[in-house]
file final_16.txt (compact mmCIF, C-alpha atoms)
# COMPACT_ATOMS: atom_id res chain seq x y z
CA MET R 1 127.65 105.41 -66.12
CA ALA R 2 125.16 102.60 -65.95
CA SER R 3 124.75 101.03 -62.56
CA LEU R 4 125.55 97.39 -61.95
CA LYS R 5 121.85 96.56 -61.76
CA ASP R 6 121.21 98.11 -65.18
CA MET R 7 124.04 96.10 -66.65
CA ARG R 8 122.70 92.90 -65.15
CA ASN R 9 119.31 93.66 -66.68
CA ARG R 10 120.80 94.26 -70.09
CA ILE R 11 122.69 90.99 -70.03
CA ALA R 12 119.49 89.19 -69.01
CA SER R 13 117.53 90.75 -71.86
CA THR R 14 120.20 89.90 -74.42
CA LYS R 15 120.12 86.34 -73.15
CA ALA R 16 116.35 86.23 -73.56
CA THR R 17 116.67 87.50 -77.13
CA GLN R 18 119.27 84.88 -77.84
CA LYS R 19 116.94 82.18 -76.60
CA ILE R 20 114.21 83.42 -78.94
CA THR R 21 116.44 83.56 -82.00
CA LYS R 22 117.83 80.14 -81.15
CA ALA R 23 114.31 78.73 -80.92
CA MET R 24 113.31 80.36 -84.21
CA GLN R 25 116.35 78.89 -85.86
CA MET R 26 115.47 75.41 -84.68
CA VAL R 27 111.85 75.76 -85.74
CA ALA R 28 112.98 76.98 -89.17
CA ALA R 29 115.38 74.05 -89.45
CA SER R 30 112.65 71.50 -88.85
CA LYS R 31 110.21 73.26 -91.18
CA LEU R 32 112.95 73.54 -93.76
CA ARG R 33 113.37 69.81 -93.91
CA ARG R 34 109.71 69.33 -94.73
CA ALA R 35 109.59 72.22 -97.18
CA GLN R 36 112.73 71.03 -98.91
CA GLN R 37 111.34 67.53 -99.34
CA ALA R 38 108.14 68.94 -100.80
CA ALA R 39 110.06 71.20 -103.19
CA GLU R 40 112.28 68.37 -104.32
CA ALA R 41 109.34 66.02 -104.74
CA ALA R 42 107.60 68.53 -106.99
CA ARG R 43 110.59 69.03 -109.24
CA PRO R 44 110.28 65.89 -111.38
CA PHE R 45 106.65 66.65 -112.22
CA ALA R 46 107.35 70.25 -113.18
CA GLU R 47 110.37 69.25 -115.23
CA ARG R 48 108.59 66.46 -117.09
CA MET R 49 105.59 68.69 -117.65
CA ASP R 50 107.87 71.31 -119.10
CA ARG R 51 109.51 68.76 -121.37
CA VAL R 52 106.25 67.27 -122.59
CA LEU R 53 104.80 70.68 -123.27
CA GLY R 54 108.01 71.78 -124.93
CA ASN R 55 107.76 68.77 -127.28
CA ILE R 56 104.17 69.51 -128.11
CA ALA R 57 104.83 73.22 -128.47
CA SER R 58 107.57 72.62 -131.03
CA ALA R 59 105.22 70.27 -132.87
CA VAL R 60 102.45 72.85 -133.13
CA ALA R 61 104.74 75.87 -133.47
CA GLY R 62 103.92 78.12 -136.37
CA SER R 63 100.38 76.89 -136.84
CA ASP R 64 97.69 79.53 -136.50
CA SER R 65 95.56 77.33 -134.33
CA ALA R 66 98.00 77.46 -131.41
CA PRO R 67 96.09 78.51 -128.29
CA ARG R 68 96.68 81.91 -126.82
CA LEU R 69 98.07 80.56 -123.57
CA LEU R 70 100.85 78.99 -125.60
CA ALA R 71 101.44 81.54 -128.32
CA GLY R 72 100.61 84.67 -126.36
CA THR R 73 98.31 87.44 -127.49
CA GLY R 74 100.74 88.61 -130.12
CA ALA R 75 101.32 91.86 -128.26
CA ASP R 76 103.50 92.65 -125.30
CA LYS R 77 102.10 95.90 -124.04
CA VAL R 78 100.81 94.96 -120.63
CA HIS R 79 102.95 92.89 -118.31
CA LEU R 80 101.66 91.14 -115.23
CA LEU R 81 104.26 90.51 -112.55
CA VAL R 82 103.26 87.85 -110.06
CA VAL R 83 105.43 88.49 -107.02
CA CYS R 84 105.51 85.54 -104.62
CA THR R 85 106.90 86.32 -101.19
CA ALA R 86 106.50 85.11 -97.63
CA GLU R 87 103.81 86.01 -95.15
CA ARG R 88 106.26 86.69 -92.36
CA GLY R 89 109.40 88.67 -91.92
CA LEU R 90 112.54 87.93 -89.91
CA CYS R 91 114.03 85.86 -92.67
CA GLY R 92 117.01 87.92 -93.72
CA PRO R 93 117.10 89.29 -97.23
CA PHE R 94 114.57 86.74 -98.57
CA ASN R 95 111.61 89.02 -99.21
CA SER R 96 113.54 92.11 -100.20
CA SER R 97 115.66 90.25 -102.75
CA ILE R 98 112.56 89.02 -104.59
CA VAL R 99 110.98 92.45 -104.38
CA ARG R 100 114.15 94.08 -105.65
CA LEU R 101 114.23 91.83 -108.71
CA ALA R 102 110.56 92.56 -109.41
CA ARG R 103 111.13 96.28 -108.93
CA GLU R 104 114.05 96.34 -111.33
CA ARG R 105 111.97 94.52 -113.92
CA ALA R 106 109.00 96.82 -113.38
CA ASN R 107 111.18 99.90 -113.82
CA ALA R 108 112.84 98.52 -116.93
CA LEU R 109 109.45 97.73 -118.45
CA ALA R 110 108.06 101.12 -117.52
CA ASN R 111 111.06 102.80 -119.16
CA ALA R 112 110.44 100.76 -122.30
CA GLY R 113 106.93 102.21 -122.42
CA LYS R 114 105.10 99.08 -121.29
CA GLN R 115 102.30 98.97 -118.81
CA VAL R 116 102.97 97.03 -115.63
CA LYS R 117 100.47 95.34 -113.35
CA ILE R 118 101.41 93.54 -110.19
CA LEU R 119 99.76 90.62 -108.45
CA CYS R 120 101.15 89.95 -105.00
CA VAL R 121 101.09 86.51 -103.48
CA GLY R 122 102.11 86.89 -99.85
CA ARG R 123 101.76 89.83 -97.55
CA LYS R 124 105.39 90.92 -97.27
CA GLY R 125 105.86 91.65 -100.94
CA PHE R 126 102.73 93.77 -100.92
CA ASP R 127 103.97 95.73 -97.90
CA GLN R 128 107.19 96.56 -99.69
CA LEU R 129 105.72 97.28 -103.12
CA ARG R 130 102.75 99.27 -101.88
CA ARG R 131 104.64 102.51 -101.46
CA LEU R 132 105.99 102.57 -105.02
CA TYR R 133 103.30 100.86 -107.05
CA GLU R 134 100.10 101.48 -105.13
CA LYS R 135 97.99 101.86 -108.28
CA GLN R 136 99.51 99.06 -110.30
CA ILE R 137 98.84 96.33 -107.74
CA VAL R 138 95.74 94.59 -108.98
CA GLU R 139 95.29 92.10 -106.17
CA VAL R 140 96.92 90.62 -103.09
CA ILE R 141 96.52 86.92 -102.38
CA GLU R 142 97.35 86.04 -98.82
CA LEU R 143 98.31 82.55 -97.82
CA ARG R 144 98.51 83.35 -94.14
CA GLY R 145 96.41 80.54 -92.73
CA VAL R 146 98.06 77.91 -94.92
CA LYS R 147 100.37 75.58 -93.06
CA GLN R 148 101.56 73.36 -95.87
CA ILE R 149 101.33 74.62 -99.43
CA GLY R 150 99.13 72.28 -101.42
CA PHE R 151 98.14 72.10 -105.05
CA ALA R 152 94.82 73.75 -104.16
CA GLN R 153 96.52 77.05 -103.34
CA ALA R 154 98.46 77.00 -106.59
CA GLN R 155 95.24 76.24 -108.43
CA MET R 156 93.58 79.23 -106.79
CA VAL R 157 96.37 81.58 -107.83
CA THR R 158 96.34 80.11 -111.35
CA ASP R 159 92.59 80.49 -111.75
CA ASN R 160 93.00 84.12 -110.83
CA ILE R 161 95.76 84.61 -113.41
CA ILE R 162 93.87 82.81 -116.17
CA LYS R 163 90.69 84.74 -115.47
CA ARG R 164 92.61 87.98 -115.90
CA PHE R 165 94.32 86.70 -119.04
CA GLU R 166 91.04 85.73 -120.63
CA ALA R 167 89.59 89.11 -119.75
CA GLY R 168 92.47 90.61 -121.74
CA GLU R 169 94.02 92.38 -118.78
CA PHE R 170 97.61 91.56 -119.73
CA ASP R 171 99.75 90.05 -122.50
CA VAL R 172 102.78 88.64 -120.72
CA CYS R 173 102.94 87.07 -117.28
CA THR R 174 106.11 86.60 -115.26
CA LEU R 175 106.48 84.79 -111.94
CA PHE R 176 108.91 86.08 -109.33
CA PHE R 177 110.07 83.70 -106.63
CA SER R 178 113.18 82.48 -104.91
CA ARG R 179 114.73 79.26 -106.14
CA PHE R 180 116.04 77.07 -103.37
CA LYS R 181 119.64 75.99 -103.88
CA SER R 182 120.83 75.32 -100.37
CA VAL R 183 120.35 76.65 -96.87
CA ILE R 184 122.71 79.50 -97.53
CA ALA R 185 121.94 80.10 -101.19
CA GLN R 186 118.57 81.11 -102.58
CA THR R 187 118.37 82.84 -105.92
CA PRO R 188 115.58 85.24 -106.73
CA THR R 189 114.24 84.13 -110.10
CA ALA R 190 111.96 85.53 -112.77
CA GLN R 191 110.15 82.98 -114.92
CA GLN R 192 107.92 83.93 -117.81
CA VAL R 193 104.87 81.66 -117.84
CA ILE R 194 102.52 83.28 -120.38
CA PRO R 195 103.51 82.70 -123.10
CA PRO R 196 105.75 79.95 -121.73
CA VAL R 197 109.42 79.88 -122.64
CA PHE R 198 110.93 76.47 -123.19
CA GLU R 199 114.49 75.43 -123.03
CA PRO R 200 115.51 74.08 -126.41
CA SER R 201 115.19 70.31 -126.36
CA LYS R 202 118.42 68.41 -125.99
CA GLN R 203 117.66 65.84 -128.61
CA GLY R 204 117.70 68.52 -131.26
CA GLY R 205 115.66 68.60 -134.41
CA PRO R 206 111.90 68.88 -134.60
CA ALA R 207 109.93 66.61 -132.30
CA ALA R 208 108.02 63.69 -133.71
CA ALA R 209 104.51 64.29 -134.98
CA TYR R 210 102.15 63.26 -132.24
CA GLU R 211 98.88 61.48 -132.40
CA TYR R 212 96.34 63.20 -130.20
CA GLU R 213 93.57 61.61 -128.27
CA PRO R 214 91.16 63.42 -128.09
CA GLU R 215 91.75 66.43 -130.37
CA GLU R 216 94.89 68.51 -130.16
CA GLU R 217 92.96 71.64 -129.22
CA GLU R 218 91.17 69.92 -126.42
CA ILE R 219 94.39 68.51 -125.03
CA LEU R 220 96.22 71.80 -125.15
CA GLY R 221 93.18 73.49 -123.64
CA GLU R 222 93.60 71.28 -120.60
CA LEU R 223 97.33 70.92 -120.57
CA LEU R 224 98.22 74.62 -120.67
CA PRO R 225 96.25 75.76 -117.60
CA ARG R 226 97.55 72.68 -115.82
CA ASN R 227 101.10 73.56 -116.72
CA LEU R 228 100.59 77.06 -115.37
CA ALA R 229 99.25 75.66 -112.10
CA VAL R 230 102.23 73.33 -111.85
CA GLN R 231 104.69 76.15 -112.41
CA VAL R 232 102.95 78.28 -109.78
CA PHE R 233 102.89 75.33 -107.40
CA ARG R 234 106.55 74.78 -107.90
CA ALA R 235 107.31 78.47 -107.36
CA LEU R 236 105.36 78.43 -104.10
CA LEU R 237 107.14 75.33 -102.87
CA GLU R 238 110.57 76.63 -103.79
CA ASN R 239 109.64 79.83 -102.03
CA ALA R 240 108.55 78.03 -98.88
CA ALA R 241 111.83 76.14 -98.73
CA SER R 242 113.86 79.26 -99.46
CA GLU R 243 112.02 81.22 -96.79
CA GLN R 244 112.82 78.67 -94.10
CA GLY R 245 116.41 78.42 -95.29
CA ALA R 246 116.83 82.20 -95.22
CA ARG R 247 115.22 82.42 -91.81
CA MET R 248 117.43 79.67 -90.48
CA SER R 249 120.65 81.35 -91.52
CA ALA R 250 119.42 84.80 -90.43
CA MET R 251 118.52 83.44 -87.00
CA ASP R 252 121.79 81.56 -86.77
CA ASN R 253 123.62 84.84 -87.32
CA ALA R 254 121.41 86.60 -84.80
CA THR R 255 122.13 83.93 -82.19
CA ARG R 256 125.83 84.22 -82.79
CA ASN R 257 125.74 88.02 -82.56
CA ALA R 258 123.76 87.83 -79.34
CA GLY R 259 126.41 85.49 -77.91
CA GLU R 260 129.09 87.99 -78.83
CA MET R 261 127.16 90.81 -77.19
CA ILE R 262 126.64 88.80 -74.01
CA ARG R 263 130.37 88.12 -73.84
CA LYS R 264 131.22 91.82 -74.15
CA GLN R 265 128.56 92.93 -71.71
CA THR R 266 129.63 90.37 -69.12
CA LEU R 267 133.22 91.54 -69.45
CA THR R 268 132.27 95.19 -68.85
CA TYR R 269 130.05 94.13 -65.98
CA ASN R 270 132.82 92.19 -64.26
CA ARG R 271 135.33 95.00 -64.75
CA THR R 272 132.97 97.57 -63.27
CA ARG R 273 132.18 95.32 -60.34
CA GLN R 274 135.87 94.74 -59.67
CA ALA R 275 136.56 98.48 -59.90
CA MET R 276 133.92 99.17 -57.30
CA ILE R 277 135.28 96.56 -54.92
CA THR R 278 138.76 98.03 -55.29
CA LYS R 279 137.43 101.51 -54.70
CA GLU R 280 135.66 100.42 -51.52
CA LEU R 281 138.77 98.66 -50.26
CA ILE R 282 140.86 101.77 -50.84
CA GLU R 283 138.33 103.83 -48.97
CA ILE R 284 138.42 101.44 -45.98
CA ILE R 285 142.21 101.27 -45.92
CA SER R 286 142.71 105.02 -46.23
CA GLY R 287 140.08 105.49 -43.52
CA ALA R 288 141.96 103.11 -41.21
CA GLU R 289 145.26 104.85 -41.91
CA ALA R 290 143.83 108.22 -41.00
CA LEU R 291 143.04 107.07 -37.48
CA MET G 1 110.02 40.96 -123.90
CA ALA G 2 111.16 44.38 -124.99
CA THR G 3 111.05 47.03 -122.31
CA PHE G 4 110.77 50.80 -122.36
CA HIS G 5 111.16 53.62 -119.88
CA PHE G 6 108.10 54.67 -117.91
CA ASP G 7 107.72 57.66 -115.57
CA LEU G 8 104.65 58.20 -113.45
CA VAL G 9 104.71 61.56 -111.70
CA SER G 10 102.19 63.51 -109.66
CA PRO G 11 102.72 67.02 -108.29
CA GLU G 12 103.50 65.55 -104.88
CA LYS G 13 105.94 62.83 -105.88
CA LEU G 14 107.63 60.64 -108.45
CA ALA G 15 105.41 57.58 -108.12
CA PHE G 16 107.23 55.28 -110.54
CA SER G 17 110.27 55.44 -112.74
CA GLY G 18 111.91 52.52 -114.47
CA LYS G 19 111.82 49.90 -117.21
CA VAL G 20 108.51 48.22 -117.91
CA GLU G 21 107.08 45.81 -120.48
CA GLN G 22 103.58 47.16 -120.79
CA VAL G 23 101.41 49.86 -119.26
CA ASP G 24 97.62 49.96 -119.51
CA VAL G 25 96.47 53.55 -119.36
CA PRO G 26 92.90 54.76 -118.74
CA GLY G 27 92.52 57.28 -121.57
CA SER G 28 89.59 59.66 -121.81
CA GLU G 29 88.47 57.93 -125.00
CA GLY G 30 89.00 54.44 -123.63
CA ASP G 31 91.77 52.36 -122.13
CA PHE G 32 94.87 51.72 -124.18
CA GLY G 33 97.97 49.66 -123.71
CA VAL G 34 101.47 50.96 -124.40
CA LEU G 35 104.24 48.58 -125.46
CA ALA G 36 107.81 49.32 -126.47
CA GLY G 37 108.01 51.18 -129.78
CA HIS G 38 104.57 52.78 -129.52
CA ALA G 39 103.93 55.69 -131.92
CA PRO G 40 104.27 59.20 -130.44
CA LEU G 41 101.02 60.03 -128.69
CA VAL G 42 99.54 62.59 -126.36
CA ALA G 43 96.39 61.58 -124.51
CA VAL G 44 94.19 62.87 -121.73
CA LEU G 45 93.51 60.49 -118.87
CA ARG G 46 90.28 59.90 -117.09
CA PRO G 47 90.17 58.94 -113.42
CA GLY G 48 90.79 55.23 -113.40
CA ILE G 49 93.22 52.41 -112.69
CA LEU G 50 96.59 52.32 -114.42
CA THR G 51 98.26 48.94 -114.65
CA ILE G 52 102.02 48.51 -114.90
CA HIS G 53 103.41 45.20 -116.18
CA GLY G 54 107.03 45.12 -115.16
CA GLU G 55 109.62 42.46 -114.57
CA GLY G 56 108.55 42.15 -110.97
CA GLY G 57 104.94 41.43 -111.89
CA MET G 58 101.91 43.64 -112.04
CA GLN G 59 101.26 46.87 -110.15
CA ARG G 60 98.05 48.81 -110.08
CA VAL G 61 97.89 52.53 -109.45
CA VAL G 62 94.89 54.82 -109.02
CA VAL G 63 95.21 57.94 -111.18
CA LEU G 64 92.72 60.78 -111.01
CA GLY G 65 93.04 62.52 -114.35
CA GLY G 66 96.13 63.84 -116.05
CA PHE G 67 98.07 63.34 -119.27
CA ALA G 68 100.08 60.65 -120.97
CA GLU G 69 102.83 61.31 -123.48
CA VAL G 70 104.58 58.68 -125.55
CA SER G 71 107.75 59.76 -127.30
CA ALA G 72 111.02 58.18 -128.35
CA GLY G 73 112.16 58.52 -124.73
CA GLY G 74 109.33 56.34 -123.44
CA LEU G 75 106.04 56.92 -121.70
CA THR G 76 105.46 59.77 -119.27
CA VAL G 77 102.25 59.99 -117.29
CA LEU G 78 101.53 63.27 -115.53
CA ALA G 79 98.76 62.42 -113.10
CA ASP G 80 96.87 64.69 -110.72
CA VAL G 81 96.96 61.98 -108.10
CA ALA G 82 98.89 58.72 -108.38
CA ASP G 83 98.64 56.34 -105.45
CA LYS G 84 99.18 52.60 -105.35
CA ILE G 85 95.88 50.84 -105.06
CA GLU G 86 96.77 49.56 -101.57
CA ASP G 87 97.70 53.02 -100.29
CA PHE G 88 94.85 54.87 -101.87
CA ASP G 89 92.48 56.64 -99.49
CA ARG G 90 88.98 55.60 -100.51
CA GLY G 91 87.47 58.55 -98.63
CA VAL G 92 88.93 60.91 -101.25
CA VAL G 93 86.81 59.41 -104.02
CA ALA G 94 83.67 59.38 -101.89
CA ALA G 95 84.20 63.03 -100.96
CA ARG G 96 84.78 64.04 -104.58
CA ILE G 97 81.67 62.17 -105.71
CA ALA G 98 79.52 63.89 -103.08
CA GLU G 99 80.97 67.27 -104.05
CA MET G 100 80.35 66.68 -107.75
CA GLU G 101 76.81 65.45 -107.21
CA ALA G 102 76.03 68.62 -105.30
CA ARG G 103 77.47 70.69 -108.15
CA ILE G 104 75.65 68.83 -110.89
CA ALA G 105 72.32 69.33 -109.14
CA LYS G 106 72.79 73.08 -109.56
CA LEU G 107 73.90 73.10 -113.22
CA GLU G 108 71.68 74.00 -116.17
CA PRO G 109 71.64 71.54 -119.07
CA SER G 110 74.72 72.45 -121.13
CA SER G 111 77.94 70.97 -122.40
CA GLU G 112 79.42 71.73 -119.00
CA LEU G 113 76.81 69.53 -117.37
CA ASP G 114 77.60 66.72 -119.79
CA LYS G 115 81.28 66.97 -118.92
CA ALA G 116 80.56 67.02 -115.21
CA ILE G 117 78.36 63.94 -115.51
CA ALA G 118 81.03 62.13 -117.51
CA ARG G 119 83.59 62.93 -114.83
CA LEU G 120 81.23 61.75 -112.13
CA ASP G 121 80.78 58.46 -113.95
CA HIS G 122 84.56 58.01 -114.09
CA PHE G 123 84.83 58.56 -110.37
CA LYS G 124 81.99 56.14 -109.71
CA GLY G 125 83.77 53.62 -111.87
CA VAL G 126 86.91 54.00 -109.79
CA GLN G 127 84.94 53.65 -106.60
CA GLN G 128 83.24 50.53 -107.83
CA HIS G 129 86.55 49.05 -108.82
CA LEU G 130 88.06 49.85 -105.44
CA THR G 131 85.21 48.43 -103.38
CA GLY G 132 85.06 45.47 -105.76
CA THR G 133 88.70 44.59 -105.21
CA ALA G 134 88.35 45.11 -101.48
CA LEU G 135 85.89 42.25 -101.33
CA HIS G 136 88.22 39.50 -102.46
call {"tool": "encode", "arguments": {"input": "final_16.txt", "output": "structure tokens"}}
result
Amino acid sequence: MASLKDMRNRIASTKATQKITKAMQMVAASKLRRAQQAAEAARPFAERMDRVLGNIASAVAGSDSAPRLLAGTGADKVHLLVVCTAERGLCGPFNSSIVRLARERANALANAGKQVKILCVGRKGFDQLRRLYEKQIVEVIELRGVKQIGFAQAQMVTDNIIKRFEAGEFDVCTLFFSRFKSVIAQTPTAQQVIPPVFEPSKQGGPAAAYEYEPEEEEILGELLPRNLAVQVFRALLENAASEQGARMSAMDNATRNAGEMIRKQTLTYNRTRQAMITKELIEIISGAEAL
Amino acid sequence: MATFHFDLVSPEKLAFSGKVEQVDVPGSEGDFGVLAGHAPLVAVLRPGILTIHGEGGMQRVVVLGGFAEVSAGGLTVLADVADKIEDFDRGVVAARIAEMEARIAKLEPSSELDKAIARLDHFKGVQQHLTGTALH
């Protein structure tokens, strides 16, 4: 049986752990607020961008001149999966749920006879995917030193993707990230970005014929890479908010569990202590009686 | 005067959303004004000053490139940066100009150089405008 001193030490260490998880929860809560604001601020731009591009896309649909970023390469042999995860762990099921979705997709594609390539954004996804898909991972982009995700990081990731697309390395590109719903709900999401998929416009019917200034090609040539960057930016921001939300609830649970453990350990400690006192008393009394 | 819906968004925020009478947009091929009932249009923006004429008077916003779309739903401007002229950090423009000048010095004569020079001119125009308005 553990001695009283050992038990005291264990209670002290559980308390220390509880303090750490409590602190992590509070840090995550304050970071969450900022990340959530950023994610929500980016939504209108991404949505409007999507709508504008959707309008233009339906206007140019069917014409042969449609750029490849919009129409795709015409094949769908090679798929690039861009898996966006966090740089740090201790955030509950956040990373593994994104990785699981990507893995399911990768397996389904492989079974259908397609070739799969993986681009990891964030260290944790790479760590988890490395064992299974060592050879298919084409690059890992780490955002470790980045405090607040800015458009520059999204641009960097996008440039990388576009460079690969233009080099003909893949036909279809899908982003994997976690969409932030609330602190307790984050949904892992797959979004196909090359060629982009648009939700059918609500107004219905073909969009109006646009005037272009300058030429249509030139506009789409600028608008499409920009749209990709915006979608990546949005994915990164949603991810950042989801990560903090997941960490917050994971750490909240951990703190609560630690509290429960402390309660149980203290109870056992007090019982043992009481038992020892009783035992000593009995020894004294029976000793006195023997005289 | 007839009004229409105008949205000005940048990746960081929704800078303006509401009914306006007229918006003057710095297009890459020249400035143009948008009134209610404008024909559907998609245009590229150059870095410049966008002017909003609303019911509450005139507002000026610095935009650094982006796109404008006019459809039946109104005007949507997707700008890289959209800051009110009062809030705009002038250091940003100066830094970008210095960076671009350094880049242009290294470029060979090509269409890329022409584009870079054109962009530099736009930025210089913005800077001039900003320092000009700061004087009075």
call {"tool": "closest_residue", "arguments": {"input": "final_16.txt", "among": "G:Pro109, G:Pro40, G:Pro47, G:Gly33", "to": "chain R", "atoms": "only C-alpha atoms"}}
result
G:Pro40
call {"tool": "closest_residue", "arguments": {"input": "final_16.txt", "among": "R:Gly89, R:Pro225, R:Gly259, R:Pro44", "to": "chain G", "atoms": "only C-alpha atoms"}}
result
R:Pro44
call {"tool": "residues_around", "arguments": {"input": "final_16.txt", "residues": "Ile49 of chain G", "least_positions_apart": "4", "cutoff": "8 Å", "atoms": "only C-alpha atoms", "output": "number ranges by chain"}}
result
G: 25-26, 60-63, 126
call {"tool": "interface_residues", "arguments": {"input": "final_16.txt", "of": "chain R", "to": "chain G", "cutoff": "10 Å", "atoms": "all atoms listed in the file", "output": "PyMOL selection string"}}
result
chain R and resi 37-46+48-49+52-53+55-56+150-151+203+207-216+218-220+222-223+226+230+233-234
call {"tool": "atom_distance", "arguments": {"input": "final_16.txt", "atom1": "atom CA of Glu142 of chain R", "atom2": "atom CA of Gly122 of chain R"}}
result
4.9 Å
call {"tool": "closest_residue", "arguments": {"input": "final_16.txt", "among": "R:Thr73, R:Gly92, R:Val78, R:Leu32", "to": "Asn253 of chain R", "atoms": "all atoms listed in the file"}}
result
R:Gly92
call {"tool": "atom_distance", "arguments": {"input": "final_16.txt", "atom1": "atom CA of Ser182 of chain R", "atom2": "atom CA of Ala29 of chain R"}}
result
12.3 Å
call {"tool": "atom_distance", "arguments": {"input": "final_16.txt", "atom1": "atom CA of Ala94 of chain G", "atom2": "atom CA of Ile149 of chain R"}}
result
23.5 Å
call {"tool": "axis_aligned_box", "arguments": {"input": "final_16.txt", "around": "segment 7-25 of chain G", "padding_each_side": "4 Å", "output": "lines of an AutoDock Vina configuration file"}}
result
center_x = 104.2
center_y = 56.4
center_z = -112.8
size_x = 23.4
size_y = 29.2
size_z = 23.9
